[in-house]
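Student: The following block contains the structure, expressed as structure tokens.
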Amino acid sequence: MASPTDRVYSESHEWHKVEGDVLTLGVTKYAVDALTDVTYVQMKPVGTKVAVGGQVGEVESVKTTSDIYCAAGGEIMEINKATSDDPSLLNSDPYGKGWLVKLRITDQGNLAKCSDGAKYDAAHPA
């Protein structure tokens, strides 16, 4: 599965989709495959201010717990309750229904340093 081209990808395997001043954040298919079965998702609450590179939550799998980071800074404005209720959405649809949080961007931070889909896929072949 090729990574979607409408977002950018961090070295820590999060994807960032920017629409105006709203950033939707999730984890990549590569990361989900490495985690195997995701069993638990916990994001910080709505209203949390996130610094550039700051942690927005964590996901647990049968293998490990992984912190989730954001390349930009902002305030969490929405959490995807569906992924908390059904963590397997990260495995089945990481680029769609498996998104994690939406932030109102206050600092573009490191978004310009993130990779586009083709560069990310070249560095992380399936």
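Scheme for the structure tokens: letters A, B, ... for chains in order shown; per-chain residue numbers from 1; ligand numbers from 1 in order shown.
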Residues of chain A classed as strand (DSSP E) by DSSP on the backbone are to be reported as a ChimeraX atom specification.

Tutor: /A:8-9,14-19,22-27,38-43,49-50,55-61,65-69,73-79,101-107

Student: So that I can check the surroundings of Gly47 of chain A, please list as a ChimeraX atom specification every protein, DNA and RNA residue that reaches within 7 Å of it, counting only C-alpha atoms and ignoring chain neighbours fewer than 3 positions away.

Tutor: /A:75-77

Student: Using the chain letters and numbers from this document, which residues of chain A does DSSP assign to alpha helix (DSSP H), as a VMD selection string?

Tutor: chain A and resid 29 to 35 81 to 85 88 to 92 117 to 123

Student: Name all residues at most 12 Å from Val8 of chain A (count only C-alpha atoms; drop same-chain ones fewer than 2 positions away) and give them as a PyMOL selection string.

Tutor: chain A and resi 3-6+10-18+23-28+70-72+95+110-121

Student: Suppose you want the space between atom CA of Val50 of chain A and atom CA of Gly98 of chain A; what is it in Å?

Tutor: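 Between these atoms lies a distance of 20.4 Å.
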
Student: Compare A:Tyr30, A:Ser61, A:Gly74, A:Thr83 by their minimum atom-to-atom distance to Gln42 of chain A, counting only C-alpha atoms, and give me the closest one.

Tutor: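 Checking each of A:Tyr30, A:Ser61, A:Gly74, A:Thr83 against Gln42 of chain A, counting only C-alpha atoms, the winner is A:Thr83.
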
Student: Quick one: everything within 10 Å of segment 31-35 of chain A, counting only C-alpha atoms, minus sequence neighbours fewer than 6 positions away in the same chain. Send it as a compact mmCIF listing (two decimals) with N, CA, C and O atoms, in the first residue's frame.

Tutor:
```txt
# COMPACT_ATOMS: atom_id res chain seq x y z
N SER A 12 9.32 9.37 12.98
CA SER A 12 8.77 8.51 14.02
C SER A 12 7.47 7.83 13.58
O SER A 12 6.75 7.27 14.40
N HIS A 13 7.18 7.89 12.27
CA HIS A 13 6.11 7.13 11.61
C HIS A 13 4.70 7.63 11.90
O HIS A 13 3.75 6.87 11.86
N GLU A 14 4.55 8.94 12.12
CA GLU A 14 3.22 9.54 12.16
C GLU A 14 2.97 10.23 10.82
O GLU A 14 3.90 10.74 10.21
N VAL A 59 -0.19 4.40 21.74
CA VAL A 59 -0.92 3.20 21.30
C VAL A 59 -0.18 1.99 21.84
O VAL A 59 1.04 1.99 21.95
N GLU A 60 -0.97 0.99 22.22
CA GLU A 60 -0.39 -0.26 22.72
C GLU A 60 -0.77 -1.37 21.76
O GLU A 60 -1.85 -1.38 21.18
N SER A 61 0.15 -2.31 21.64
CA SER A 61 -0.11 -3.50 20.84
C SER A 61 0.30 -4.72 21.65
O SER A 61 0.77 -4.59 22.78
N VAL A 62 0.15 -5.88 21.03
CA VAL A 62 0.57 -7.09 21.72
C VAL A 62 2.09 -7.10 21.91
O VAL A 62 2.59 -7.82 22.76
N LYS A 63 2.83 -6.28 21.16
CA LYS A 63 4.29 -6.23 21.24
C LYS A 63 4.82 -5.16 22.18
O LYS A 63 5.79 -5.37 22.89
N THR A 64 4.23 -3.95 22.13
CA THR A 64 4.85 -2.82 22.81
C THR A 64 3.87 -1.66 22.97
O THR A 64 2.77 -1.69 22.44
N THR A 65 4.30 -0.63 23.67
CA THR A 65 3.58 0.64 23.75
C THR A 65 4.42 1.68 23.01
O THR A 65 5.63 1.75 23.20
N SER A 66 3.77 2.46 22.16
CA SER A 66 4.48 3.49 21.39
C SER A 66 3.85 4.85 21.64
O SER A 66 2.63 5.00 21.58
N SER A 88 -8.56 -1.62 16.58
CA SER A 88 -8.22 -2.35 15.35
C SER A 88 -8.39 -1.50 14.11
O SER A 88 -7.89 -1.85 13.04
N LEU A 90 -6.84 1.12 13.53
CA LEU A 90 -5.49 1.49 13.12
C LEU A 90 -4.89 0.43 12.21
O LEU A 90 -4.19 0.75 11.26
N ASN A 91 -5.19 -0.84 12.50
CA ASN A 91 -4.69 -1.92 11.66
C ASN A 91 -5.42 -1.98 10.31
O ASN A 91 -4.78 -2.17 9.28
N SER A 92 -6.73 -1.80 10.32
CA SER A 92 -7.51 -1.99 9.10
C SER A 92 -7.55 -0.77 8.20
O SER A 92 -7.68 -0.90 6.99
N ASP A 93 -7.46 0.44 8.77
CA ASP A 93 -7.60 1.66 7.96
C ASP A 93 -6.78 2.81 8.56
O ASP A 93 -7.33 3.83 8.98
N PRO A 94 -5.43 2.67 8.60
CA PRO A 94 -4.61 3.67 9.29
C PRO A 94 -4.67 5.07 8.66
O PRO A 94 -4.45 6.05 9.35
N HIS A 124 10.99 3.22 3.71
CA HIS A 124 10.33 2.18 4.53
C HIS A 124 9.52 1.26 3.62
O HIS A 124 8.29 1.28 3.65
N ALA A 126 7.49 -1.78 2.06
CA ALA A 126 6.56 -2.74 2.68
C ALA A 126 7.09 -4.15 2.60
O ALA A 126 7.87 -4.50 1.79
```

Student: Find, counting only C-alpha atoms, the residue in A:Asp107, A:Asp86, A:Glu78, A:Glu58 that gets nearest to Pro45 of chain A.

Tutor: A:Glu78

Student: When distances are computed from only C-alpha atoms, which of A:Val22, A:Val41, A:Val52, A:Val46 shows the smallest separation from Gly109 of chain A?

Tutor: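 Of all the options, A:Val52 lies closest to Gly109 of chain A.
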
Student: Between A:Arg104, A:Ala123, A:Tyr69, A:Lys44, single out the one closest to Ser84 of chain A, counting only C-alpha atoms.

Tutor: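 The shortest atom-to-atom distance to Ser84 of chain A comes from A:Lys44.
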